[in-house]
$ cat run.txt   # compact mmCIF, C-alpha atoms
# COMPACT_ATOMS: atom_id res chain seq x y z
CA MET A 1 -6.28 -61.86 12.79
CA THR A 2 -8.25 -64.35 14.88
CA ASP A 3 -7.05 -67.25 16.99
CA ALA A 4 -9.34 -69.72 15.30
CA ILE A 5 -7.91 -73.17 14.65
CA PRO A 6 -8.29 -74.50 11.08
CA LYS A 7 -10.95 -77.19 10.69
CA GLY A 8 -8.34 -79.76 9.70
CA GLU A 9 -6.39 -79.20 12.88
CA VAL A 10 -9.54 -79.21 15.05
CA SER A 11 -10.36 -82.60 13.54
CA ALA A 12 -6.81 -83.83 14.11
CA VAL A 13 -7.03 -82.83 17.80
CA ALA A 14 -10.39 -84.56 18.15
CA GLN A 15 -9.01 -87.75 16.60
CA GLY A 16 -5.96 -87.70 18.85
CA LYS A 17 -3.52 -87.11 15.97
CA LEU A 18 -2.50 -83.74 17.44
CA SER A 19 -2.36 -82.64 21.03
CA ALA A 20 -3.75 -79.19 21.86
CA LYS A 21 -0.23 -77.90 22.51
CA GLU A 22 0.82 -78.84 18.97
CA VAL A 23 -1.78 -76.61 17.35
CA VAL A 24 -0.29 -73.37 15.99
CA THR A 25 -2.28 -70.26 16.93
CA HIS A 26 -1.69 -66.53 16.72
CA ARG A 27 -1.40 -66.43 20.50
CA ARG A 28 1.34 -69.06 20.40
CA VAL A 29 3.26 -67.14 17.75
CA LEU A 30 3.07 -63.90 19.73
CA ASN A 31 4.05 -65.62 22.98
CA ILE A 32 7.28 -66.65 21.30
CA ALA A 33 7.90 -63.47 19.31
CA ILE A 34 7.12 -60.57 21.66
CA PRO A 35 9.74 -61.38 24.35
CA ILE A 36 12.42 -61.53 21.62
CA VAL A 37 11.37 -58.16 20.21
CA ILE A 38 11.54 -56.63 23.71
CA SER A 39 14.88 -58.34 24.35
CA ASN A 40 16.34 -56.93 21.13
CA ALA A 41 15.15 -53.44 22.05
CA THR A 42 17.47 -53.51 25.10
CA VAL A 43 20.61 -54.20 23.06
CA PRO A 44 21.33 -50.60 21.89
CA ILE A 45 20.79 -49.29 25.43
CA LEU A 46 23.86 -51.10 26.79
CA GLY A 47 26.10 -49.72 24.05
CA ALA A 48 24.84 -46.22 24.72
CA VAL A 49 25.50 -46.56 28.47
CA ASP A 50 29.00 -47.97 27.89
CA THR A 51 29.82 -45.00 25.68
CA GLY A 52 28.16 -42.48 27.98
CA VAL A 53 29.90 -43.74 31.13
CA VAL A 54 33.34 -43.73 29.51
CA GLY A 55 32.54 -40.32 28.04
CA GLN A 56 32.40 -38.93 31.58
CA ILE A 57 36.18 -39.45 31.82
CA GLY A 58 36.46 -36.43 29.54
CA LEU A 59 38.93 -37.88 27.01
CA ALA A 60 38.42 -39.10 23.46
CA ALA A 61 40.81 -42.07 23.55
CA PRO A 62 38.84 -44.17 26.11
CA ILE A 63 35.63 -43.76 24.09
CA GLY A 64 37.36 -44.92 20.93
CA ALA A 65 39.07 -47.78 22.77
CA VAL A 66 35.82 -49.18 24.20
CA GLY A 67 34.12 -48.77 20.82
CA ILE A 68 36.77 -50.53 18.76
CA GLY A 69 37.39 -53.16 21.43
CA ALA A 70 33.71 -54.03 21.63
CA ILE A 71 33.45 -54.26 17.83
CA ILE A 72 36.47 -56.59 17.58
CA LEU A 73 35.19 -58.94 20.29
CA SER A 74 31.62 -58.86 18.95
CA SER A 75 32.94 -59.78 15.50
CA LEU A 76 34.91 -62.71 16.92
CA TYR A 77 31.89 -63.94 18.86
CA TRP A 78 29.63 -63.43 15.84
CA VAL A 79 31.56 -66.14 13.98
CA PHE A 80 29.98 -68.62 16.39
CA GLY A 81 26.47 -67.28 15.92
CA PHE A 82 25.69 -70.45 13.97
CA LEU A 83 25.54 -72.21 17.33
CA ARG A 84 22.26 -70.49 18.24
CA MET A 85 20.62 -71.16 14.88
CA GLY A 86 21.75 -74.77 14.61
CA THR A 87 20.74 -75.50 18.20
CA VAL A 88 17.23 -74.15 17.66
CA GLY A 89 16.50 -76.31 14.62
CA LEU A 90 17.99 -79.53 15.95
CA THR A 91 16.48 -79.18 19.44
CA ALA A 92 13.03 -78.21 18.15
CA GLN A 93 13.01 -81.25 15.88
CA ALA A 94 14.08 -83.55 18.71
CA ALA A 95 11.31 -82.07 20.88
CA GLY A 96 8.78 -82.53 18.07
CA ASN A 97 9.87 -86.17 17.88
CA ASN A 98 9.38 -86.49 21.67
CA ASP A 99 13.06 -87.45 22.04
CA ALA A 100 13.77 -85.99 25.51
CA ALA A 101 17.17 -87.71 25.67
CA GLU A 102 18.37 -86.03 22.48
CA VAL A 103 16.97 -82.66 23.61
CA ALA A 104 19.13 -82.90 26.75
CA ALA A 105 22.18 -84.18 24.86
CA LEU A 106 21.94 -81.28 22.39
CA LEU A 107 22.28 -78.80 25.24
CA THR A 108 25.45 -80.55 26.39
CA ARG A 109 26.88 -80.57 22.85
CA GLY A 110 26.13 -76.87 22.43
CA LEU A 111 27.74 -76.01 25.77
CA LEU A 112 30.84 -78.06 24.89
CA ILE A 113 31.20 -76.26 21.54
CA GLY A 114 30.65 -72.85 23.13
CA GLY A 115 33.05 -73.50 25.99
CA LEU A 116 35.81 -74.88 23.79
CA ALA A 117 35.40 -72.07 21.25
CA GLY A 118 35.64 -69.51 24.05
CA LEU A 119 38.77 -71.14 25.48
CA ALA A 120 40.31 -71.09 22.00
CA LEU A 121 39.72 -67.33 21.79
CA VAL A 122 41.31 -66.85 25.21
CA MET A 123 44.40 -68.83 24.21
CA LEU A 124 44.69 -67.15 20.80
CA GLN A 125 43.91 -63.62 21.98
CA ILE A 126 47.37 -62.18 21.24
CA PRO A 127 47.53 -63.10 17.52
CA LEU A 128 43.82 -62.40 17.07
CA PHE A 129 44.03 -58.92 18.55
CA TRP A 130 47.19 -58.20 16.55
CA ALA A 131 45.42 -59.22 13.32
CA ALA A 132 42.38 -57.12 14.20
CA PHE A 133 44.49 -53.98 14.60
CA GLN A 134 46.25 -54.69 11.31
CA VAL A 135 42.86 -54.61 9.60
CA SER A 136 41.57 -51.64 11.61
CA PRO A 137 44.57 -49.59 12.80
CA ALA A 138 44.17 -47.03 15.58
CA SER A 139 46.41 -44.54 17.35
CA ALA A 140 48.92 -45.99 19.81
CA GLU A 141 46.94 -44.65 22.79
CA VAL A 142 43.61 -46.04 21.59
CA GLU A 143 45.17 -49.39 20.71
CA ASN A 144 46.81 -49.76 24.12
CA LEU A 145 43.59 -48.92 25.93
CA ALA A 146 41.58 -51.22 23.67
CA ARG A 147 44.00 -54.09 24.32
CA SER A 148 43.60 -53.53 28.05
CA TYR A 149 39.80 -53.60 27.68
CA MET A 150 39.77 -56.70 25.47
CA GLY A 151 42.35 -58.49 27.61
CA ILE A 152 39.84 -58.48 30.47
CA ARG A 153 36.65 -59.08 28.50
CA VAL A 154 37.98 -62.01 26.48
CA TRP A 155 38.04 -64.16 29.63
CA SER A 156 34.25 -64.31 29.48
CA ALA A 157 34.34 -65.63 25.90
CA PRO A 158 33.37 -69.19 26.97
CA ALA A 159 30.27 -67.79 28.69
CA ALA A 160 29.41 -65.36 25.87
CA ILE A 161 29.54 -68.08 23.20
CA ALA A 162 27.84 -70.70 25.38
CA ILE A 163 24.93 -68.25 25.71
CA TYR A 164 24.31 -68.77 21.98
CA ALA A 165 23.67 -72.46 22.67
CA ILE A 166 21.58 -71.72 25.78
CA THR A 167 19.49 -69.16 23.91
CA GLY A 168 18.93 -71.50 20.97
CA TRP A 169 17.94 -74.34 23.28
CA LEU A 170 15.42 -72.15 25.13
CA ILE A 171 13.93 -70.76 21.91
CA ALA A 172 13.43 -74.33 20.66
CA GLN A 173 11.41 -74.98 23.83
CA GLU A 174 9.39 -71.80 23.03
CA ARG A 175 10.71 -70.32 26.29
CA THR A 176 11.52 -66.89 24.97
CA ARG A 177 10.44 -65.22 28.22
CA ALA A 178 13.44 -66.91 29.82
CA VAL A 179 15.61 -65.51 27.02
CA LEU A 180 14.21 -62.05 27.77
CA VAL A 181 14.95 -62.41 31.49
CA VAL A 182 18.55 -63.46 30.76
CA GLN A 183 19.02 -60.48 28.43
CA LEU A 184 17.49 -58.03 30.90
CA TRP A 185 19.58 -59.43 33.74
CA MET A 186 22.84 -59.22 31.79
CA ASN A 187 22.21 -55.72 30.47
CA GLY A 188 20.85 -54.43 33.78
CA LEU A 189 23.76 -55.82 35.79
CA ASN A 190 26.23 -54.55 33.21
CA ILE A 191 24.79 -51.03 33.39
CA ALA A 192 24.74 -51.00 37.20
CA LEU A 193 28.34 -52.23 37.40
CA ASP A 194 29.40 -49.73 34.72
CA LEU A 195 28.12 -46.88 36.85
CA TRP A 196 29.69 -48.25 40.03
CA PHE A 197 33.07 -49.27 38.66
CA VAL A 198 33.67 -46.28 36.38
CA LEU A 199 31.89 -43.36 38.05
CA GLY A 200 32.01 -44.64 41.62
CA LEU A 201 35.39 -46.37 41.84
CA GLY A 202 37.17 -44.60 38.98
CA TRP A 203 38.35 -47.79 37.27
CA GLY A 204 38.06 -46.31 33.74
CA ILE A 205 37.77 -48.64 30.76
CA GLN A 206 38.96 -51.56 32.89
CA GLY A 207 35.80 -51.04 34.95
CA VAL A 208 33.65 -51.29 31.79
CA ALA A 209 35.43 -54.52 30.83
CA ILE A 210 35.07 -56.07 34.29
CA ALA A 211 31.37 -55.14 34.34
CA THR A 212 30.81 -56.96 31.03
CA PHE A 213 32.93 -59.93 32.18
CA LEU A 214 30.78 -60.38 35.30
CA ALA A 215 27.52 -59.79 33.44
CA GLU A 216 28.29 -62.42 30.79
CA TRP A 217 29.30 -65.11 33.28
CA SER A 218 26.26 -64.39 35.45
CA GLY A 219 24.04 -64.43 32.33
CA ALA A 220 25.36 -67.86 31.37
CA ALA A 221 24.73 -69.11 34.92
CA LEU A 222 21.17 -67.76 34.89
CA GLY A 223 20.59 -69.32 31.47
CA LEU A 224 21.76 -72.70 32.76
CA TRP A 225 19.35 -72.36 35.67
CA PHE A 226 16.51 -71.89 33.19
CA CYS A 227 17.76 -75.05 31.42
CA ARG A 228 17.83 -77.05 34.64
CA ALA A 229 15.11 -79.46 33.46
CA ALA A 230 17.61 -80.88 30.96
CA PHE A 231 19.93 -81.82 33.80
CA GLY A 232 17.18 -84.00 35.25
CA VAL A 233 17.40 -86.21 32.15
CA PRO A 234 20.35 -88.66 32.43
CA ALA A 235 21.17 -88.25 28.73
CA TRP A 236 22.71 -84.81 29.33
CA ARG A 237 25.79 -86.65 30.65
CA ASP A 238 25.31 -89.92 28.78
CA TRP A 239 28.58 -89.54 26.93
CA ALA A 240 27.76 -92.33 24.49
CA GLN A 241 24.77 -90.28 23.29
CA VAL A 242 26.42 -86.88 23.64
CA PHE A 243 29.38 -88.00 21.50
CA ASP A 244 27.34 -90.14 19.12
CA GLY A 245 29.19 -89.95 15.80
CA PRO A 246 26.30 -89.53 13.32
CA ARG A 247 24.62 -86.90 15.51
CA TRP A 248 27.87 -84.92 15.86
CA ILE A 249 28.44 -85.12 12.11
CA ASN A 250 24.91 -83.88 11.44
CA MET A 251 25.32 -81.04 13.94
CA MET A 252 28.66 -80.01 12.41
CA LYS A 253 27.19 -80.18 8.92
CA VAL A 254 24.21 -77.98 9.85
CA ASN A 255 26.39 -75.50 11.71
CA GLY A 256 29.00 -75.46 8.94
CA ASP A 257 26.41 -74.65 6.28
CA ILE A 258 24.96 -71.86 8.45
CA LEU A 259 28.46 -70.45 9.04
CA VAL A 260 29.16 -70.29 5.29
CA ARG A 261 25.78 -68.65 4.71
CA SER A 262 26.45 -66.10 7.45
CA LEU A 263 29.92 -65.30 6.12
CA LEU A 264 28.49 -64.66 2.66
CA LEU A 265 25.80 -62.42 4.14
CA GLN A 266 28.46 -60.53 6.10
CA ALA A 267 30.50 -60.21 2.90
CA VAL A 268 27.56 -58.43 1.27
CA PHE A 269 27.42 -55.81 4.02
CA VAL A 270 31.20 -55.40 4.28
CA SER A 271 31.51 -54.92 0.53
CA PHE A 272 28.58 -52.50 0.67
CA LEU A 273 30.54 -50.36 3.15
CA PHE A 274 33.78 -50.63 1.18
CA LEU A 275 32.09 -49.66 -2.09
CA GLY A 276 30.34 -46.80 -0.31
CA SER A 277 33.66 -45.49 1.03
CA GLY A 278 34.79 -44.96 -2.55
CA LEU A 279 31.87 -42.63 -3.20
CA GLY A 280 32.96 -39.94 -0.74
CA ASP A 281 32.84 -39.31 2.99
CA VAL A 282 29.36 -37.76 2.99
CA LYS A 283 27.77 -40.68 1.14
CA LEU A 284 29.64 -43.13 3.37
CA ALA A 285 28.30 -41.40 6.49
CA ALA A 286 24.77 -41.25 5.06
CA ASN A 287 24.89 -44.95 4.24
CA GLN A 288 26.02 -45.74 7.78
CA VAL A 289 23.09 -43.79 9.19
CA LEU A 290 20.61 -45.54 6.88
CA LEU A 291 21.97 -48.99 7.74
CA GLN A 292 20.60 -48.41 11.25
CA PHE A 293 17.13 -48.60 9.69
CA LEU A 294 17.99 -52.14 8.60
CA MET A 295 19.13 -52.94 12.13
CA ILE A 296 15.77 -51.75 13.46
CA THR A 297 13.98 -53.93 10.91
CA ALA A 298 16.08 -56.98 11.75
CA PHE A 299 15.53 -56.54 15.49
CA ALA A 300 11.76 -56.27 15.00
CA LEU A 301 11.56 -59.29 12.68
CA ASP A 302 13.81 -61.50 14.80
CA GLY A 303 10.93 -62.34 17.10
CA PHE A 304 8.77 -63.72 14.30
CA ALA A 305 11.72 -65.44 12.59
CA PHE A 306 12.60 -67.11 15.90
CA ALA A 307 8.97 -68.19 16.28
CA ALA A 308 9.20 -69.76 12.82
CA GLU A 309 12.38 -71.59 13.83
CA ALA A 310 10.74 -73.13 16.90
CA LEU A 311 7.36 -73.98 15.35
CA VAL A 312 8.68 -75.29 12.04
CA GLY A 313 11.37 -77.29 13.83
CA ARG A 314 8.85 -79.02 16.10
CA ALA A 315 6.55 -79.79 13.18
CA MET A 316 9.45 -81.13 11.13
CA GLY A 317 10.54 -83.38 14.00
CA GLY A 318 6.97 -84.66 14.39
CA LYS A 319 6.53 -85.16 10.63
CA GLN A 320 3.46 -82.88 10.68
CA ARG A 321 3.34 -81.18 7.30
CA ASP A 322 0.09 -79.28 7.87
CA VAL A 323 1.31 -77.94 11.21
CA LEU A 324 4.58 -76.90 9.59
CA ARG A 325 2.73 -75.02 6.86
CA ARG A 326 0.49 -73.23 9.36
CA GLY A 327 3.49 -72.28 11.48
CA ALA A 328 5.25 -70.87 8.42
CA VAL A 329 2.15 -68.96 7.27
CA LEU A 330 1.24 -67.47 10.65
CA THR A 331 4.73 -66.35 11.56
CA SER A 332 5.26 -64.91 8.08
CA GLY A 333 1.92 -63.11 8.28
CA TRP A 334 2.89 -61.39 11.51
CA GLY A 335 6.31 -60.63 10.05
CA LEU A 336 4.66 -59.03 7.02
CA LEU A 337 2.48 -56.88 9.28
CA ALA A 338 5.59 -55.75 11.20
CA CYS A 339 7.34 -54.90 7.92
CA ALA A 340 4.34 -52.94 6.65
CA LEU A 341 4.24 -50.92 9.88
CA MET A 342 7.95 -50.18 9.62
CA THR A 343 7.57 -49.10 6.00
CA VAL A 344 4.87 -46.64 7.06
CA GLY A 345 6.94 -45.54 10.05
CA PHE A 346 10.07 -44.96 7.97
CA ALA A 347 8.10 -43.04 5.34
CA TRP A 348 6.48 -40.84 7.97
CA GLY A 349 9.28 -40.43 10.51
CA GLY A 350 12.44 -41.36 8.61
CA GLY A 351 13.63 -37.77 8.44
CA MET A 352 13.27 -37.36 12.19
CA ILE A 353 15.22 -40.58 12.80
CA ILE A 354 18.01 -39.29 10.54
CA ASP A 355 18.13 -36.01 12.45
CA LEU A 356 18.44 -37.90 15.74
CA MET A 357 21.36 -39.90 14.42
CA THR A 358 23.44 -37.05 13.02
CA THR A 359 23.70 -33.28 13.33
CA ALA A 360 25.84 -32.86 10.20
CA PRO A 361 23.73 -30.90 7.65
CA LEU A 362 25.35 -32.47 4.58
CA VAL A 363 24.93 -36.00 5.94
CA ARG A 364 21.29 -35.30 6.85
CA GLU A 365 20.59 -33.99 3.35
CA GLU A 366 22.34 -36.93 1.67
CA ALA A 367 20.61 -39.53 3.87
CA ARG A 368 17.21 -38.09 2.92
CA VAL A 369 18.03 -38.58 -0.76
CA PHE A 370 18.43 -42.33 -0.22
CA LEU A 371 15.74 -42.74 2.47
CA PRO A 372 13.21 -44.19 -0.05
CA TYR A 373 15.37 -47.31 -0.26
CA MET A 374 14.92 -47.81 3.48
CA VAL A 375 11.19 -47.25 3.15
CA ALA A 376 11.11 -50.12 0.64
CA ALA A 377 13.62 -52.36 2.46
CA PRO A 378 11.30 -53.98 5.06
CA LEU A 379 8.81 -55.20 2.46
CA LEU A 380 11.48 -56.23 -0.04
CA GLY A 381 13.47 -58.06 2.63
CA TRP A 382 10.50 -59.65 4.45
CA ALA A 383 10.57 -62.95 2.55
CA SER A 384 14.31 -63.45 2.98
CA TRP A 385 14.22 -62.80 6.73
CA MET A 386 11.20 -65.02 7.40
CA LEU A 387 12.33 -67.86 5.13
CA ASP A 388 15.67 -67.84 6.94
CA GLY A 389 13.79 -68.66 10.14
CA ILE A 390 11.69 -71.33 8.43
CA PHE A 391 14.72 -73.04 6.88
CA ILE A 392 16.70 -72.84 10.15
CA GLY A 393 13.87 -74.59 11.99
CA ALA A 394 13.74 -77.29 9.34
CA THR A 395 17.59 -77.53 9.42
CA ARG A 396 17.61 -77.19 5.62
CA SER A 397 20.99 -75.56 6.01
CA ARG A 398 22.35 -76.74 2.67
CA ASP A 399 19.56 -74.89 0.86
CA MET A 400 20.28 -71.78 2.96
CA ARG A 401 23.97 -71.94 2.06
CA ASN A 402 23.39 -72.54 -1.64
CA MET A 403 20.67 -69.90 -2.07
CA MET A 404 22.82 -67.37 -0.21
CA ALA A 405 25.66 -68.16 -2.61
CA VAL A 406 23.35 -67.55 -5.59
CA SER A 407 22.14 -64.29 -4.04
CA PHE A 408 25.72 -63.19 -3.37
CA VAL A 409 26.64 -63.71 -7.03
CA ILE A 410 23.54 -61.75 -8.10
CA TYR A 411 24.49 -58.94 -5.71
CA CYS A 412 28.06 -58.81 -7.04
CA ALA A 413 26.86 -58.75 -10.65
CA SER A 414 24.33 -56.03 -9.86
CA ALA A 415 26.91 -53.90 -8.03
CA ALA A 416 29.45 -54.32 -10.82
CA LEU A 417 26.87 -53.15 -13.36
CA LEU A 418 24.97 -50.46 -11.45
CA VAL A 419 27.50 -48.74 -9.15
CA PRO A 420 29.65 -47.36 -12.02
CA TRP A 421 26.47 -46.19 -13.74
CA LEU A 422 24.27 -44.96 -10.88
CA GLY A 423 26.74 -44.46 -8.03
CA ASN A 424 25.22 -44.76 -4.55
CA HIS A 425 21.77 -45.37 -6.03
CA GLY A 426 23.21 -48.42 -7.78
CA LEU A 427 24.76 -49.59 -4.51
CA TRP A 428 21.47 -49.44 -2.63
CA ILE A 429 19.58 -51.08 -5.50
CA SER A 430 22.13 -53.92 -5.47
CA LEU A 431 21.67 -54.47 -1.73
CA LEU A 432 17.89 -54.62 -2.07
CA VAL A 433 18.24 -56.91 -5.09
CA SER A 434 20.24 -59.31 -2.90
CA PHE A 435 17.36 -59.40 -0.37
CA VAL A 436 14.83 -60.15 -3.10
CA ALA A 437 17.09 -62.78 -4.66
CA ARG A 438 17.48 -64.57 -1.33
CA GLY A 439 13.74 -64.53 -0.74
CA VAL A 440 12.89 -65.80 -4.22
CA THR A 441 15.51 -68.56 -4.27
CA LEU A 442 14.53 -69.83 -0.81
CA ALA A 443 10.84 -69.70 -1.79
CA LEU A 444 11.62 -71.94 -4.76
CA ARG A 445 13.13 -74.48 -2.34
CA TYR A 446 10.21 -74.33 0.12
CA PRO A 447 8.11 -77.09 -1.54
CA ALA A 448 11.00 -79.53 -1.02
CA LEU A 449 11.14 -78.49 2.64
CA GLU A 450 7.43 -79.34 3.06
CA ARG A 451 7.87 -82.70 1.32
CA ALA A 452 10.65 -83.56 3.77
CA ALA A 453 8.15 -83.16 6.62
CA GLY A 454 6.40 -86.36 5.53
$ encode --input "run.txt" --output "structure tokens"
Amino acid sequence: MTDAIPKGEVSAVAQGKLSAKEVVTHRRVLNIAIPIVISNATVPILGAVDTGVVGQIGLAAPIGAVGIGAIILSSLYWVFGFLRMGTVGLTAQAAGNNDAAEVAALLTRGLLIGGLAGLALVMLQIPLFWAAFQVSPASAEVENLARSYMGIRVWSAPAAIAIYAITGWLIAQERTRAVLVVQLWMNGLNIALDLWFVLGLGWGIQGVAIATFLAEWSGAALGLWFCRAAFGVPAWRDWAQVFDGPRWINMMKVNGDILVRSLLLQAVFVSFLFLGSGLGDVKLAANQVLLQFLMITAFALDGFAFAAEALVGRAMGGKQRDVLRRGAVLTSGWGLLACALMTVGFAWGGGMIIDLMTTAPLVREEARVFLPYMVAAPLLGWASWMLDGIFIGATRSRDMRNMMAVSFVIYCASAALLVPWLGNHGLWISLLVSFVARGVTLALRYPALERAAG
């Protein structure tokens, strides 16, 4: 791939229709994508350190308590993940339209939503934690320890959710290096405090919780420092603009559509696990191991999907259809290359990855039977992952919601037909069918997205 600029765009720059910074190049795509890929690579490290540090206590209950507590809180925070996606699209479009006042006001709106959502979780922690343990019961000892852990960590919920808005705002500015620095700072501080509080001071799981609490608040503060340019624009506290009715309604509409889409996507994976549990413990364990391959794929593709969000959003805001198309093509091309490399990597080293993840002979053997589905998954899921980024940038959230609903119905029909007939093979086929369905249905809506760019 070269960094040559298409003749049409060279001409547009020469005629003053496009500035040089609006031209989409391979270098620009990689500058956005690579820091996100590196940032994502640090995420599993923190979980491993949390588990390893608590494991030095020498008891099983604290390990289980930190694990289940972290999952419950992460699930609650995940509900507000729409804030990052919605903020990217809206902010990128405002930037593409050279509306600095709206760019600043969007940061304030995102911070208000994140802060209020976090405060709501703090105030509702007792019923929320009770409900979580009704769904996922644990022993009395594990539950008590987990409640102690979550009771500390939940006080950083406003910061943790506000970071979604901060991250989205920075990605829209194509400042993914700042996102990487925030992630590295939070994870590095968390790890250092884990070691000090737990191994040095002997604070146990409370030490792990306090470490995360401090890391998340400091991460939010660092993120705000990176956003400081917005606070130089008076509109960030121009309450008439911040609370402008039509803009709030549009933001709520976009975020609401993304939330519904995300819940449907989560329903696919939850039902996949539930259906797998009915096929026996060994198949359930093998499926859990293989799902980590999908996590690896998603982490690798996030960088290029985020690049699509930023570039497509700016082009949509500037009503630059040709720039939008080039942004979509270049980011998707790099995403396809990443997927092809992962397909080759999974085919060549998939067995070794399985062996690293489990030592159980039966689970290893079973996972290898279904490994071909993971070899095919990156290429079959490529279009759905990249089009998600393109549609987020364009804030075509209604299309995302509707096409996800269609894909969910197709997945359910496929599972209902194939699982009784083919067992776990039918389950994996149904999951991959849902990826293809989402990619195809979004691709059919892409021409309308381009037309909306003017």
$ closest_residue --input "run.txt" --among "A:Gln288, A:Thr331, A:Asn424, A:Thr441" --to "Asp399 in chain A" --atoms "all atoms listed in the file"
A:Thr441
$ closest_residue --input "run.txt" --among "A:Gly245, A:Gly207, A:Gly317, A:Gly351" --to "Thr91 in chain A" --atoms "all atoms listed in the file"
A:Gly317
$ closest_residue --input "run.txt" --among "A:Gln266, A:Asn287, A:Thr212, A:Ser434" --to "Val369 in chain A" --atoms "all atoms listed in the file"
A:Asn287
$ residues_around --input "run.txt" --residues "Gln241 in chain A" --least-positions-apart "2" --cutoff "10 Å" --atoms "all atoms listed in the file" --output "count of residues only"
16
$ atom_distance --input "run.txt" --atom1 "CA of Val406 in chain A" --atom2 "CA of Arg261 in chain A"
10.6 Å
$ atom_distance --input "run.txt" --atom1 "CA of Pro246 in chain A" --atom2 "CA of Ala92 in chain A"
18.1 Å
$ closest_residue --input "run.txt" --among "A:Leu356, A:Ile210, A:Ala267, A:Val103" --to "Gln173 in chain A" --atoms "only C-alpha atoms"
A:Val103
$ residues_around --input "run.txt" --residues "Asp302 in chain A" --least-positions-apart "4" --cutoff "9 Å" --atoms "only C-alpha atoms" --output "tab-separated table (two decimals) with C-alpha atoms, in the coordinates of the input"
chain	number	residue	atom	x	y	z
A	33	ALA	CA	7.90	-63.47	19.31
A	36	ILE	CA	12.42	-61.53	21.62
A	37	VAL	CA	11.37	-58.16	20.21
A	40	ASN	CA	16.34	-56.93	21.13
A	297	THR	CA	13.98	-53.93	10.91
A	298	ALA	CA	16.08	-56.98	11.75
A	306	PHE	CA	12.60	-67.11	15.90
A	307	ALA	CA	8.97	-68.19	16.28
A	335	GLY	CA	6.31	-60.63	10.05
A	385	TRP	CA	14.22	-62.80	6.73
A	386	MET	CA	11.20	-65.02	7.40
A	389	GLY	CA	13.79	-68.66	10.14
$ atom_distance --input "run.txt" --atom1 "CA of Leu195 in chain A" --atom2 "CA of Ala157 in chain A"
22.6 Å
$ closest_residue --input "run.txt" --among "A:Leu73, A:Met342, A:Met186, A:Ala192" --to "Val154 in chain A" --atoms "only C-alpha atoms"
A:Leu73
$ residues_around --input "run.txt" --residues "Leu330 in chain A" --least-positions-apart "4" --cutoff "7 Å" --atoms "only C-alpha atoms" --output "PyMOL selection string"
chain A and resi 26+326+334
$ decode --input "run.txt" --residues "range 300-318 of chain A" --atoms "C-alpha atoms" --output "CSV table (one decimal), in the first residue's frame"
chain,number,residue,atom,x,y,z
A,300,ALA,CA,-6.8,-5.9,16.7
A,301,LEU,CA,-9.6,-4.5,14.6
A,302,ASP,CA,-10.7,-1.8,17.0
A,303,GLY,CA,-7.9,0.5,15.9
A,304,PHE,CA,-9.0,0.5,12.3
A,305,ALA,CA,-12.7,0.7,13.2
A,306,PHE,CA,-11.9,3.7,15.4
A,307,ALA,CA,-10.0,5.3,12.5
A,308,ALA,CA,-13.1,4.8,10.4
A,309,GLU,CA,-15.3,6.5,13.0
A,310,ALA,CA,-13.0,9.6,13.1
A,311,LEU,CA,-12.4,9.9,9.4
A,312,VAL,CA,-15.9,9.1,8.2
A,313,GLY,CA,-17.4,11.4,10.9
A,314,ARG,CA,-15.2,14.4,9.8
A,315,ALA,CA,-16.0,13.8,6.2
A,316,MET,CA,-19.7,13.5,7.0
A,317,GLY,CA,-19.6,16.8,8.9
A,318,GLY,CA,-17.9,18.5,6.1
